[in-house]
>>> print(open('protein-v6.cif').read())   # mmCIF, C-alpha atoms
data_work
loop_
_atom_site.label_atom_id
_atom_site.label_comp_id
_atom_site.auth_asym_id
_atom_site.auth_seq_id
_atom_site.Cartn_x
_atom_site.Cartn_y
_atom_site.Cartn_z
CA MET A 1 -8.75 -4.19 20.36
CA THR A 2 -7.47 -6.91 22.72
CA LEU A 3 -8.52 -9.80 20.50
CA ALA A 4 -7.27 -8.15 17.32
CA THR A 5 -3.87 -7.40 18.88
CA LEU A 6 -3.57 -10.90 20.34
CA GLY A 7 -4.45 -12.47 17.00
CA PHE A 8 -2.07 -10.24 15.08
CA THR A 9 0.78 -10.99 17.51
CA LEU A 10 0.36 -14.71 16.93
CA MET A 11 -0.06 -14.29 13.18
CA PHE A 12 3.13 -12.24 12.97
CA ALA A 13 5.00 -14.94 14.89
CA VAL A 14 3.88 -17.42 12.24
CA TRP A 15 4.67 -15.05 9.37
CA VAL A 16 8.39 -14.80 10.21
CA MET A 17 9.00 -18.27 11.68
CA PHE A 18 11.20 -19.34 8.75
CA ALA A 19 13.87 -16.95 10.03
CA ILE A 20 14.43 -19.52 12.81
CA VAL A 21 13.12 -22.85 11.52
CA GLY A 22 14.79 -22.15 8.18
CA LEU A 23 18.24 -22.55 9.77
CA PRO A 24 17.83 -26.25 10.75
CA ILE A 25 16.00 -26.76 7.44
CA ARG A 26 19.03 -25.29 5.64
CA LYS A 27 21.29 -27.79 7.40
CA GLU A 28 18.91 -30.73 6.91
CA LEU A 29 18.35 -30.16 3.17
CA GLY A 30 21.73 -28.61 2.34
CA LEU A 31 20.23 -25.35 1.03
CA THR A 32 22.31 -22.65 -0.63
CA ASP A 33 22.14 -19.05 0.60
CA ALA A 34 19.85 -18.18 -2.30
CA GLN A 35 17.48 -21.08 -1.53
CA PHE A 36 17.42 -20.17 2.15
CA THR A 37 16.72 -16.51 1.42
CA LEU A 38 13.89 -17.41 -0.97
CA LEU A 39 12.31 -19.74 1.59
CA THR A 40 12.31 -17.07 4.31
CA ALA A 41 11.02 -14.39 1.93
CA ILE A 42 8.19 -16.33 0.24
CA PRO A 43 5.68 -15.90 3.13
CA VAL A 44 6.36 -12.17 3.08
CA LEU A 45 5.41 -12.07 -0.61
CA THR A 46 2.01 -13.70 -0.07
CA GLY A 47 1.23 -11.65 3.01
CA SER A 48 2.09 -8.47 1.14
CA LEU A 49 0.36 -8.98 -2.21
CA LEU A 50 -2.95 -9.92 -0.60
CA ARG A 51 -3.07 -7.00 1.83
CA LEU A 52 -4.89 -4.69 -0.57
CA PRO A 53 -7.78 -7.04 -1.46
CA ALA A 54 -7.98 -8.20 2.16
CA GLY A 55 -8.23 -4.59 3.34
CA ILE A 56 -11.04 -3.93 0.85
CA TRP A 57 -12.87 -7.07 2.01
CA ALA A 58 -12.52 -5.98 5.64
CA ASP A 59 -13.95 -2.54 4.84
CA ARG A 60 -16.79 -4.08 2.88
CA TYR A 61 -17.69 -7.21 4.85
CA GLY A 62 -16.32 -6.47 8.32
CA GLY A 63 -12.95 -6.91 9.96
CA ARG A 64 -14.02 -9.60 12.43
CA ARG A 65 -15.32 -11.91 9.71
CA VAL A 66 -12.28 -11.56 7.44
CA PHE A 67 -9.85 -11.79 10.39
CA LEU A 68 -11.38 -15.11 11.47
CA ILE A 69 -11.18 -16.59 7.97
CA ASN A 70 -7.57 -15.41 7.72
CA MET A 71 -6.60 -17.10 11.01
CA VAL A 72 -8.21 -20.43 10.18
CA LEU A 73 -6.64 -20.66 6.71
CA THR A 74 -3.21 -19.77 8.07
CA ALA A 75 -3.58 -22.39 10.81
CA LEU A 76 -4.32 -25.12 8.27
CA PHE A 77 -1.24 -24.27 6.21
CA ALA A 78 0.93 -24.17 9.35
CA LEU A 79 -0.30 -27.60 10.41
CA ALA A 80 0.41 -28.99 6.94
CA LEU A 81 3.91 -27.49 7.11
CA ALA A 82 4.60 -29.58 10.21
CA TRP A 83 4.70 -32.69 7.97
CA ALA A 84 6.62 -31.20 5.02
CA ASP A 85 9.83 -33.01 4.07
CA SER A 86 11.07 -31.54 0.76
CA TYR A 87 12.16 -28.10 -0.43
CA GLY A 88 9.44 -27.94 -3.10
CA THR A 89 6.73 -28.72 -0.56
CA LEU A 90 8.16 -26.16 1.83
CA LEU A 91 8.01 -23.42 -0.82
CA VAL A 92 4.37 -24.19 -1.66
CA LEU A 93 3.27 -24.28 1.98
CA ALA A 94 5.30 -21.15 2.73
CA LEU A 95 3.02 -19.32 0.29
CA GLY A 96 0.03 -20.42 2.37
CA VAL A 97 1.67 -19.58 5.70
CA GLY A 98 2.26 -16.12 4.25
CA LEU A 99 -1.47 -15.46 4.64
CA ALA A 100 -0.56 -14.57 8.23
CA GLY A 101 0.82 -11.27 6.96
CA VAL A 102 -2.59 -10.30 5.58
CA SER A 103 -3.86 -9.92 9.15
CA PHE A 104 -2.23 -6.50 9.43
CA ALA A 105 -4.39 -4.88 6.74
CA VAL A 106 -7.51 -6.64 8.00
CA GLY A 107 -6.85 -5.68 11.62
CA ASN A 108 -6.16 -2.03 10.75
CA ALA A 109 -9.51 -1.78 8.96
CA TRP A 110 -11.22 -3.56 11.87
CA ILE A 111 -9.70 -1.18 14.46
CA ALA A 112 -10.48 1.90 12.33
CA GLN A 113 -14.15 0.86 12.20
CA TRP A 114 -14.34 1.19 16.00
CA THR A 115 -12.06 4.17 16.72
CA PRO A 116 -12.50 7.92 16.08
CA VAL A 117 -9.79 9.44 13.88
CA SER A 118 -8.52 11.67 16.71
CA ARG A 119 -7.49 8.56 18.69
CA GLN A 120 -6.45 6.27 15.84
CA GLY A 121 -2.74 6.96 16.30
CA LEU A 122 -2.70 5.26 19.70
CA ALA A 123 -5.24 2.59 18.67
CA LEU A 124 -3.43 1.58 15.47
CA GLY A 125 -0.07 1.80 17.23
CA THR A 126 -1.26 -0.53 19.97
CA PHE A 127 -2.56 -3.02 17.43
CA GLY A 128 0.64 -2.71 15.41
CA ALA A 129 2.68 -3.64 18.49
CA GLY A 130 1.64 -7.17 17.53
CA ASN A 131 4.80 -7.02 15.40
CA ALA A 132 6.38 -8.23 18.65
CA GLY A 133 5.14 -11.65 17.56
CA ALA A 134 8.47 -11.86 15.75
CA SER A 135 10.09 -11.91 19.20
CA VAL A 136 7.88 -14.83 20.18
CA THR A 137 9.38 -16.77 17.30
CA LYS A 138 12.95 -15.66 18.00
CA LEU A 139 12.73 -16.53 21.71
CA LEU A 140 10.56 -19.65 21.76
CA ALA A 141 11.17 -21.39 18.42
CA PRO A 142 14.79 -22.41 19.20
CA LEU A 143 13.55 -23.96 22.47
CA MET A 144 10.66 -25.74 20.73
CA ILE A 145 13.03 -27.16 18.12
CA THR A 146 15.03 -28.95 20.84
CA LEU A 147 12.08 -29.67 23.14
CA VAL A 148 10.46 -32.48 21.13
CA PRO A 149 12.74 -34.90 19.26
CA ALA A 150 11.82 -36.39 15.92
CA GLY A 151 10.20 -39.82 15.77
CA LEU A 152 7.33 -39.28 18.24
CA LEU A 153 3.59 -39.31 17.53
CA ILE A 154 3.66 -35.52 17.08
CA PRO A 155 6.09 -33.76 14.73
CA GLY A 156 9.45 -33.13 16.39
CA GLY A 157 12.47 -30.94 15.76
CA TRP A 158 11.75 -27.87 13.64
CA HIS A 159 8.42 -29.48 12.59
CA PHE A 160 7.13 -28.92 16.13
CA VAL A 161 7.16 -25.12 15.68
CA PRO A 162 4.51 -24.86 12.91
CA PHE A 163 2.54 -27.62 14.66
CA VAL A 164 2.25 -25.57 17.87
CA PHE A 165 1.61 -22.34 15.98
CA GLY A 166 -1.16 -23.95 13.93
CA LEU A 167 -2.97 -25.23 17.02
CA SER A 168 -2.52 -21.85 18.73
CA LEU A 169 -4.09 -20.06 15.77
CA LEU A 170 -7.13 -22.34 15.87
CA LEU A 171 -7.54 -21.65 19.60
CA CYS A 172 -7.21 -17.89 19.04
CA ALA A 173 -9.78 -18.05 16.24
CA ALA A 174 -12.21 -19.84 18.55
CA LEU A 175 -11.74 -17.16 21.23
CA THR A 176 -12.25 -14.38 18.70
CA ALA A 177 -15.41 -15.98 17.32
CA ARG A 178 -16.77 -16.36 20.85
CA LEU A 179 -15.81 -13.01 22.38
CA ALA A 180 -15.35 -10.38 19.65
CA PRO A 181 -18.30 -8.02 19.06
CA ALA A 182 -20.19 -8.16 15.79
CA ASP A 183 -18.90 -6.09 12.87
CA ARG A 184 -20.09 -2.51 12.40
CA VAL A 185 -20.37 -2.36 8.63
CA ALA A 186 -23.12 -0.44 6.85
CA PRO A 187 -24.41 -1.68 3.47
CA SER A 188 -22.60 0.07 0.63
CA SER A 189 -23.35 0.59 -3.05
CA ARG A 190 -19.75 1.54 -3.85
CA THR A 191 -18.27 -0.14 -6.91
CA LEU A 192 -14.79 -1.59 -7.14
CA ALA A 193 -13.70 1.58 -8.98
CA ASP A 194 -14.97 3.64 -6.04
CA TRP A 195 -12.98 1.53 -3.59
CA LEU A 196 -9.80 1.84 -5.63
CA ARG A 197 -10.06 5.57 -6.46
CA PRO A 198 -7.76 6.71 -3.59
CA LEU A 199 -4.94 4.68 -5.12
CA ALA A 200 -4.64 7.23 -7.93
CA ARG A 201 -3.19 9.78 -5.48
CA ALA A 202 0.61 10.10 -5.42
CA GLN A 203 0.45 10.76 -1.70
CA VAL A 204 -0.73 7.21 -1.01
CA TRP A 205 2.27 5.78 -2.85
CA ARG A 206 4.61 8.07 -0.89
CA PHE A 207 3.15 6.64 2.32
CA GLY A 208 4.07 3.23 0.91
CA LEU A 209 7.67 4.36 0.36
CA TYR A 210 7.98 5.50 3.97
CA TYR A 211 6.49 2.23 5.17
CA VAL A 212 9.09 0.26 3.19
CA VAL A 213 11.71 1.91 5.42
CA PHE A 214 9.88 1.53 8.72
CA PHE A 215 8.16 -1.83 8.21
CA GLY A 216 9.61 -3.53 5.12
CA ALA A 217 13.14 -3.13 6.45
CA TYR A 218 11.94 -4.30 9.88
CA VAL A 219 10.66 -7.54 8.35
CA ALA A 220 13.83 -7.91 6.27
CA TYR A 221 16.06 -7.45 9.33
CA SER A 222 13.93 -9.84 11.39
CA LEU A 223 14.67 -12.48 8.76
CA PHE A 224 18.27 -11.43 8.14
CA LEU A 225 19.70 -10.88 11.62
CA PRO A 226 19.50 -14.45 13.04
CA LYS A 227 21.51 -15.79 10.10
CA TYR A 228 23.91 -12.82 10.32
CA TYR A 229 24.60 -13.48 14.00
CA VAL A 230 25.11 -17.20 13.37
CA ASP A 231 27.29 -16.88 10.26
CA HIS A 232 29.15 -13.63 10.97
CA TYR A 233 29.75 -13.84 14.72
CA GLY A 234 29.52 -17.64 15.19
CA ILE A 235 26.77 -17.28 17.79
CA PRO A 236 24.50 -20.29 18.60
CA LEU A 237 20.97 -20.17 17.20
CA ALA A 238 19.24 -19.64 20.57
CA GLN A 239 21.50 -16.68 21.42
CA ALA A 240 21.12 -15.28 17.90
CA GLY A 241 17.35 -15.36 18.38
CA LEU A 242 17.68 -13.49 21.68
CA LEU A 243 19.92 -10.79 20.18
CA THR A 244 17.52 -10.39 17.26
CA ALA A 245 14.67 -10.01 19.75
CA LEU A 246 16.50 -7.02 21.24
CA PHE A 247 16.06 -5.34 17.86
CA ILE A 248 12.46 -6.51 17.51
CA PHE A 249 11.24 -5.34 20.94
CA PRO A 250 11.64 -1.58 20.35
CA ALA A 251 10.70 -1.92 16.68
CA SER A 252 7.38 -3.42 17.80
CA LEU A 253 6.56 -2.36 21.34
CA LEU A 254 7.22 1.34 20.71
CA ARG A 255 4.39 1.53 18.17
CA PRO A 256 1.84 2.57 20.83
CA LEU A 257 4.23 5.32 21.94
CA GLY A 258 4.65 6.39 18.34
CA GLY A 259 0.89 6.52 17.94
CA TYR A 260 0.46 8.51 21.16
CA LEU A 261 3.17 11.00 20.15
CA SER A 262 1.55 11.34 16.72
CA ASP A 263 -1.82 12.11 18.30
CA ARG A 264 -0.18 14.59 20.68
CA PHE A 265 2.40 16.39 18.51
CA GLY A 266 1.36 15.48 14.98
CA PRO A 267 2.55 12.56 12.82
CA ARG A 268 4.73 14.71 10.56
CA ALA A 269 7.17 15.76 13.30
CA VAL A 270 7.27 12.22 14.68
CA THR A 271 8.00 10.75 11.24
CA VAL A 272 10.90 13.15 10.65
CA SER A 273 12.33 12.23 14.05
CA SER A 274 12.03 8.54 13.20
CA PHE A 275 14.02 8.95 10.00
CA ALA A 276 16.71 10.82 11.95
CA ILE A 277 16.96 8.13 14.66
CA MET A 278 17.35 5.42 12.03
CA LEU A 279 20.14 7.30 10.25
CA VAL A 280 22.00 7.80 13.55
CA GLY A 281 21.91 4.04 14.14
CA LEU A 282 22.67 2.96 10.57
CA LEU A 283 25.66 5.21 9.90
CA PRO A 284 28.17 3.34 12.15
CA LEU A 285 26.67 -0.03 11.14
CA MET A 286 28.06 0.43 7.64
CA ARG A 287 31.45 -0.75 8.88
CA GLU A 288 32.60 -3.83 10.79
CA LEU A 289 31.82 -3.73 14.54
CA PRO A 290 32.17 -6.01 17.58
CA VAL A 291 28.98 -7.80 18.53
CA THR A 292 28.02 -5.58 21.51
CA PRO A 293 28.00 -2.19 19.73
CA PHE A 294 26.42 -3.92 16.73
CA MET A 295 23.55 -5.15 18.92
CA LEU A 296 23.11 -1.73 20.57
CA LEU A 297 23.00 0.09 17.24
CA THR A 298 20.46 -2.30 15.75
CA THR A 299 18.34 -1.54 18.82
CA VAL A 300 18.58 2.19 17.99
CA VAL A 301 17.45 1.43 14.44
CA GLY A 302 14.56 -0.57 15.92
CA VAL A 303 13.48 2.44 17.98
CA GLY A 304 13.20 4.56 14.83
CA MET A 305 11.29 1.83 13.03
CA GLY A 306 8.83 1.25 15.87
CA VAL A 307 7.89 4.91 16.21
CA GLY A 308 7.90 5.52 12.45
CA LYS A 309 5.55 2.63 11.70
CA ALA A 310 2.94 4.16 13.99
CA SER A 311 3.35 7.73 12.72
CA THR A 312 3.06 6.59 9.09
CA TYR A 313 -0.24 4.84 9.75
CA THR A 314 -1.49 7.81 11.71
CA LEU A 315 -0.87 9.87 8.57
CA VAL A 316 -2.74 7.27 6.51
CA ALA A 317 -5.72 7.33 8.86
CA ARG A 318 -5.92 11.13 9.05
CA TRP A 319 -5.67 11.74 5.33
CA ASN A 320 -8.01 8.86 4.40
CA PRO A 321 -10.90 8.66 6.91
CA GLY A 322 -13.27 5.81 6.13
CA GLN A 323 -10.81 4.26 3.65
CA MET A 324 -8.37 2.56 5.99
CA GLY A 325 -8.90 -0.85 4.43
CA VAL A 326 -8.01 0.07 0.87
CA VAL A 327 -5.38 2.78 1.53
CA GLY A 328 -3.90 1.04 4.54
CA GLY A 329 -3.96 -2.18 2.54
CA LEU A 330 -1.91 -0.66 -0.29
CA VAL A 331 0.57 0.97 2.11
CA GLY A 332 0.92 -2.35 3.93
CA LEU A 333 1.31 -4.15 0.61
CA LEU A 334 4.16 -1.88 -0.45
CA GLY A 335 5.83 -2.13 2.94
CA GLY A 336 5.51 -5.90 2.92
CA LEU A 337 6.96 -6.12 -0.58
CA GLY A 338 9.93 -4.24 0.80
CA GLY A 339 10.28 -7.03 3.35
CA PHE A 340 10.29 -9.54 0.48
CA PHE A 341 12.68 -7.81 -1.91
CA LEU A 342 15.17 -6.34 0.56
CA PRO A 343 16.60 -9.72 1.72
CA LEU A 344 16.98 -10.74 -1.92
CA LEU A 345 18.67 -7.41 -2.62
CA PHE A 346 21.02 -7.90 0.33
CA THR A 347 22.08 -11.28 -1.08
CA ALA A 348 22.49 -9.93 -4.62
CA LEU A 349 24.60 -6.92 -3.57
CA LYS A 350 26.75 -8.72 -1.00
CA PRO A 351 29.53 -9.66 -3.48
CA ALA A 352 29.93 -5.97 -4.36
CA LEU A 353 29.31 -4.27 -0.99
CA GLY A 354 30.52 -6.90 1.46
CA ALA A 355 29.17 -8.14 4.77
CA GLN A 356 27.59 -4.80 5.71
CA THR A 357 25.41 -4.69 2.57
CA ALA A 358 22.13 -4.76 4.52
CA PHE A 359 23.05 -1.63 6.47
CA ILE A 360 24.54 0.30 3.54
CA THR A 361 21.41 -0.41 1.49
CA LEU A 362 18.98 0.65 4.20
CA PHE A 363 20.97 3.81 4.97
CA ALA A 364 20.67 4.90 1.33
CA LEU A 365 16.96 4.04 1.23
CA THR A 366 16.30 5.91 4.48
CA VAL A 367 18.05 9.02 3.17
CA LEU A 368 15.99 8.89 -0.03
CA SER A 369 12.69 8.42 1.81
CA GLY A 370 13.50 11.11 4.36
CA VAL A 371 14.27 13.64 1.65
CA VAL A 372 11.01 12.82 -0.15
CA PHE A 373 9.06 13.15 3.10
CA VAL A 374 10.58 16.49 4.13
CA ALA A 375 10.19 17.95 0.63
CA ASN A 376 6.50 17.07 0.54
CA MET A 377 5.98 18.21 4.13
CA VAL A 378 7.37 21.64 3.21
CA ARG A 379 5.24 21.75 0.07
CA LEU A 380 2.06 20.95 1.97
CA ASN A 381 2.90 23.50 4.65
CA VAL A 382 3.37 26.18 1.97
CA LEU A 383 0.01 25.22 0.44
CA GLY A 384 -1.60 25.18 3.89
CA SER A 385 -2.89 21.66 3.27
CA GLN A 386 -3.91 19.73 6.39
CA PRO A 387 -6.01 16.59 6.90
CA ARG A 388 -9.40 16.88 8.57
CA LEU A 389 -9.27 15.67 12.19
CA THR A 390 -12.74 14.38 13.01
#
>>> encode(input="protein-v6.cif", output="structure tokens")
Amino acid sequence: MTLATLGFTLMFAVWVMFAIVGLPIRKELGLTDAQFTLLTAIPVLTGSLLRLPAGIWADRYGGRRVFLINMVLTALFALALAWADSYGTLLVLALGVGLAGVSFAVGNAWIAQWTPVSRQGLALGTFGAGNAGASVTKLLAPLMITLVPAGLLIPGGWHFVPFVFGLSLLLCAALTARLAPADRVAPSSRTLADWLRPLARAQVWRFGLYYVVFFGAYVAYSLFLPKYYVDHYGIPLAQAGLLTALFIFPASLLRPLGGYLSDRFGPRAVTVSSFAIMLVGLLPLMRELPVTPFMLLTTVVGVGMGVGKASTYTLVARWNPGQMGVVGGLVGLLGGLGGFFLPLLFTALKPALGAQTAFITLFALTVLSGVVFVANMVRLNVLGSQPRLT
């Protein structure tokens, strides 16, 4: 648990680093808003699309083995990024850096292999708190950018950030290889069709919709908020990173609490509460606000996201015992794709909806997802359908 969470925290920091390093890159290369948005979103695309196959591989071959391969490959792309000097090269390497996002599906399968279902809410929530790696980037990357100037033997300026992250990933991989216990995977004769059969259930896709709200929007806001603070409020990059971290902390660190509450009171009630908290925070954000109430309300939204991410995955684990890799992989894929498409949607709708587009869009999506969730919760209660808790 400790090694998986540590590795995931670092991988998540790498996954969203373009939210910070992309700002000096934008200035250096003269990028348009569309080019900047694409650069920050590309890693999210890779890390999302590969979550399903990676989850299947973790279920089949063992989470430790796949997690190690994932870390080493991501480290190599991060180190290569430290020497990139053109927009085309950055886009290509951003695809490789996006492998960091795959670690979530792999780690969930790895944790599930070691944890009984009755305690998986807390276990998966604790692992998922590695989302706080985004705060590592927001807090430390601006400092690293100014710490080492360009022109030295090691990459300086924004190049220093992927350089340090790449070396850190290699060190973490070495620690994991040395200290993590061997995988607990029994030989299986299941075919690919057997592995994919759960994906035919509509319920699995509904879980993905909820995770778009709780996780996809979290990733989108982690990428969107630094630029919003800089452009909209004229705040320096370092302070913008700090204010964004105030959103990220509850959206990440409350996952263990969300998992505990789900184990204690049931994930359905916790998920409904999470939708409600998000709507309370988003409603006033749909109009122009001073920076202080804006920051406080984004923190409220982060609280709902942090608890809701854990309760959603508790639902996944309870309804799909022994299939966390494939089902959790698909749910993570859909949530991650939300993190890719939502920033692009914010940019596309901004001319029509104005500066508050990101909050108007998420409010509408949260209402839709909440209605779908409550309707199906009532239906299942009427049918008396409950997952097996073993």
>>> resolve_selection(input="protein-v6.cif", expression="the PyMOL selection byres ((chain A and resi 156) around 12)", output="number ranges by chain")
A: 21, 82-84, 143-155, 157-164
>>> atom_distance(input="protein-v6.cif", atom1="CA of Val16 in chain A", atom2="CA of Phe346 in chain A")
17.5 Å
>>> closest_residue(input="protein-v6.cif", among="A:Ile20, A:Val270, A:Ala78, A:Leu242", to="Thr40 in chain A", atoms="only C-alpha atoms")
A:Ile20
>>> closest_residue(input="protein-v6.cif", among="A:Val66, A:Ala134, A:Ile235, A:Ala202", to="Ala220 in chain A", atoms="only C-alpha atoms")
A:Ala134
>>> resolve_selection(input="protein-v6.cif", expression="the PyMOL selection byres ((chain A and resi 362) around 10)", output="ChimeraX atom specification")
/A:212-213,217,278-279,282-283,286,342,346,357-361,363-368
>>> write_last_selection(input="protein-v6.cif", atoms="C-alpha atoms", output="CSV table (one decimal), keeping the file's coordinate frame")
chain,number,residue,atom,x,y,z
A,212,VAL,CA,9.1,0.3,3.2
A,213,VAL,CA,11.7,1.9,5.4
A,217,ALA,CA,13.1,-3.1,6.4
A,278,MET,CA,17.4,5.4,12.0
A,279,LEU,CA,20.1,7.3,10.2
A,282,LEU,CA,22.7,3.0,10.6
A,283,LEU,CA,25.7,5.2,9.9
A,286,MET,CA,28.1,0.4,7.6
A,342,LEU,CA,15.2,-6.3,0.6
A,346,PHE,CA,21.0,-7.9,0.3
A,357,THR,CA,25.4,-4.7,2.6
A,358,ALA,CA,22.1,-4.8,4.5
A,359,PHE,CA,23.0,-1.6,6.5
A,360,ILE,CA,24.5,0.3,3.5
A,361,THR,CA,21.4,-0.4,1.5
A,363,PHE,CA,21.0,3.8,5.0
A,364,ALA,CA,20.7,4.9,1.3
A,365,LEU,CA,17.0,4.0,1.2
A,366,THR,CA,16.3,5.9,4.5
A,367,VAL,CA,18.0,9.0,3.2
A,368,LEU,CA,16.0,8.9,0.0
>>> resolve_selection(input="protein-v6.cif", expression="the PyMOL selection byres ((chain A and resi 4-15) around 9)", output="number ranges by chain")
A: 1-3, 16-18, 43-44, 47, 64, 67, 71, 74, 78, 97-104, 107, 110-111, 126-138, 162, 165-166, 168-169, 172-173, 176, 180
>>> write_last_selection(input="protein-v6.cif", atoms="C-alpha atoms", output="PDB file, in the coordinates of the input")
ATOM      1  CA  MET A   1      -8.750  -4.190  20.360  1.00  0.00           C
ATOM      2  CA  THR A   2      -7.470  -6.910  22.720  1.00  0.00           C
ATOM      3  CA  LEU A   3      -8.520  -9.800  20.500  1.00  0.00           C
ATOM      4  CA  VAL A  16       8.390 -14.800  10.210  1.00  0.00           C
ATOM      5  CA  MET A  17       9.000 -18.270  11.680  1.00  0.00           C
ATOM      6  CA  PHE A  18      11.200 -19.340   8.750  1.00  0.00           C
ATOM      7  CA  PRO A  43       5.680 -15.900   3.130  1.00  0.00           C
ATOM      8  CA  VAL A  44       6.360 -12.170   3.080  1.00  0.00           C
ATOM      9  CA  GLY A  47       1.230 -11.650   3.010  1.00  0.00           C
ATOM     10  CA  ARG A  64     -14.020  -9.600  12.430  1.00  0.00           C
ATOM     11  CA  PHE A  67      -9.850 -11.790  10.390  1.00  0.00           C
ATOM     12  CA  MET A  71      -6.600 -17.100  11.010  1.00  0.00           C
ATOM     13  CA  THR A  74      -3.210 -19.770   8.070  1.00  0.00           C
ATOM     14  CA  ALA A  78       0.930 -24.170   9.350  1.00  0.00           C
ATOM     15  CA  VAL A  97       1.670 -19.580   5.700  1.00  0.00           C
ATOM     16  CA  GLY A  98       2.260 -16.120   4.250  1.00  0.00           C
ATOM     17  CA  LEU A  99      -1.470 -15.460   4.640  1.00  0.00           C
ATOM     18  CA  ALA A 100      -0.560 -14.570   8.230  1.00  0.00           C
ATOM     19  CA  GLY A 101       0.820 -11.270   6.960  1.00  0.00           C
ATOM     20  CA  VAL A 102      -2.590 -10.300   5.580  1.00  0.00           C
ATOM     21  CA  SER A 103      -3.860  -9.920   9.150  1.00  0.00           C
ATOM     22  CA  PHE A 104      -2.230  -6.500   9.430  1.00  0.00           C
ATOM     23  CA  GLY A 107      -6.850  -5.680  11.620  1.00  0.00           C
ATOM     24  CA  TRP A 110     -11.220  -3.560  11.870  1.00  0.00           C
ATOM     25  CA  ILE A 111      -9.700  -1.180  14.460  1.00  0.00           C
ATOM     26  CA  THR A 126      -1.260  -0.530  19.970  1.00  0.00           C
ATOM     27  CA  PHE A 127      -2.560  -3.020  17.430  1.00  0.00           C
ATOM     28  CA  GLY A 128       0.640  -2.710  15.410  1.00  0.00           C
ATOM     29  CA  ALA A 129       2.680  -3.640  18.490  1.00  0.00           C
ATOM     30  CA  GLY A 130       1.640  -7.170  17.530  1.00  0.00           C
ATOM     31  CA  ASN A 131       4.800  -7.020  15.400  1.00  0.00           C
ATOM     32  CA  ALA A 132       6.380  -8.230  18.650  1.00  0.00           C
ATOM     33  CA  GLY A 133       5.140 -11.650  17.560  1.00  0.00           C
ATOM     34  CA  ALA A 134       8.470 -11.860  15.750  1.00  0.00           C
ATOM     35  CA  SER A 135      10.090 -11.910  19.200  1.00  0.00           C
ATOM     36  CA  VAL A 136       7.880 -14.830  20.180  1.00  0.00           C
ATOM     37  CA  THR A 137       9.380 -16.770  17.300  1.00  0.00           C
ATOM     38  CA  LYS A 138      12.950 -15.660  18.000  1.00  0.00           C
ATOM     39  CA  PRO A 162       4.510 -24.860  12.910  1.00  0.00           C
ATOM     40  CA  PHE A 165       1.610 -22.340  15.980  1.00  0.00           C
ATOM     41  CA  GLY A 166      -1.160 -23.950  13.930  1.00  0.00           C
ATOM     42  CA  SER A 168      -2.520 -21.850  18.730  1.00  0.00           C
ATOM     43  CA  LEU A 169      -4.090 -20.060  15.770  1.00  0.00           C
ATOM     44  CA  CYS A 172      -7.210 -17.890  19.040  1.00  0.00           C
ATOM     45  CA  ALA A 173      -9.780 -18.050  16.240  1.00  0.00           C
ATOM     46  CA  THR A 176     -12.250 -14.380  18.700  1.00  0.00           C
ATOM     47  CA  ALA A 180     -15.350 -10.380  19.650  1.00  0.00           C
TER      48      ALA A 180
END
>>> closest_residue(input="protein-v6.cif", among="A:Leu45, A:Leu330, A:Leu345, A:Arg255", to="Ala200 in chain A", atoms="only C-alpha atoms")
A:Leu330
>>> atom_distance(input="protein-v6.cif", atom1="CA of Thr292 in chain A", atom2="CA of Leu223 in chain A")
19.7 Å
>>> atom_distance(input="protein-v6.cif", atom1="CA of Ile56 in chain A", atom2="CA of Ser311 in chain A")
22.0 Å
>>> axis_aligned_box(input="protein-v6.cif", around="range 227-234 of chain A", padding_each_side="6 Å", output="JSON")
{"center_x": 25.6, "center_y": -15.2, "center_z": 12.6, "size_x": 20.2, "size_y": 16.8, "size_z": 17.1}
>>> closest_atom_pairs(input="protein-v6.cif", of="range 231-286 of chain A", to="range 371-387 of chain A", cutoff="12 Å", atoms="only C-alpha atoms", output="CSV")
residue,atom,partner,partner_atom,distance
A:Gly266,CA,A:Gln386,CA,10.9
A:Pro267,CA,A:Met377,CA,10.9
A:Arg268,CA,A:Met377,CA,7.4
A:Ala269,CA,A:Met377,CA,9.6
A:Val270,CA,A:Phe373,CA,11.8
A:Thr271,CA,A:Phe373,CA,8.6
A:Val272,CA,A:Val374,CA,7.3
A:Ser273,CA,A:Val374,CA,10.9
A:Ser274,CA,A:Phe373,CA,11.5
A:Phe275,CA,A:Phe373,CA,9.5
A:Ala276,CA,A:Val371,CA,11.0
>>> closest_residue(input="protein-v6.cif", among="A:Tyr210, A:Phe340, A:Tyr87, A:Tyr61", to="Gly30 in chain A", atoms="only C-alpha atoms")
A:Tyr87
>>> residues_around(input="protein-v6.cif", residues="range 312-324 of chain A", least_positions_apart="3", cutoff="7 Å", atoms="all atoms listed in the file", output="JSON list (two decimals) with C-alpha atoms, in the frame of the given file")
[["chain", "number", "residue", "atom", "x", "y", "z"],
["A", 108, "ASN", "CA", -6.16, -2.03, 10.75],
["A", 109, "ALA", "CA", -9.51, -1.78, 8.96],
["A", 112, "ALA", "CA", -10.48, 1.90, 12.33],
["A", 117, "VAL", "CA", -9.79, 9.44, 13.88],
["A", 120, "GLN", "CA", -6.45, 6.27, 15.84],
["A", 121, "GLY", "CA", -2.74, 6.96, 16.30],
["A", 207, "PHE", "CA", 3.15, 6.64, 2.32],
["A", 211, "TYR", "CA", 6.49, 2.23, 5.17],
["A", 259, "GLY", "CA", 0.89, 6.52, 17.94],
["A", 262, "SER", "CA", 1.55, 11.34, 16.72],
["A", 267, "PRO", "CA", 2.55, 12.56, 12.82],
["A", 271, "THR", "CA", 8.00, 10.75, 11.24],
["A", 308, "GLY", "CA", 7.90, 5.52, 12.45],
["A", 309, "LYS", "CA", 5.55, 2.63, 11.70],
["A", 327, "VAL", "CA", -5.38, 2.78, 1.53],
["A", 328, "GLY", "CA", -3.90, 1.04, 4.54],
["A", 387, "PRO", "CA", -6.01, 16.59, 6.90],
["A", 388, "ARG", "CA", -9.40, 16.88, 8.57],
["A", 389, "LEU", "CA", -9.27, 15.67, 12.19]]
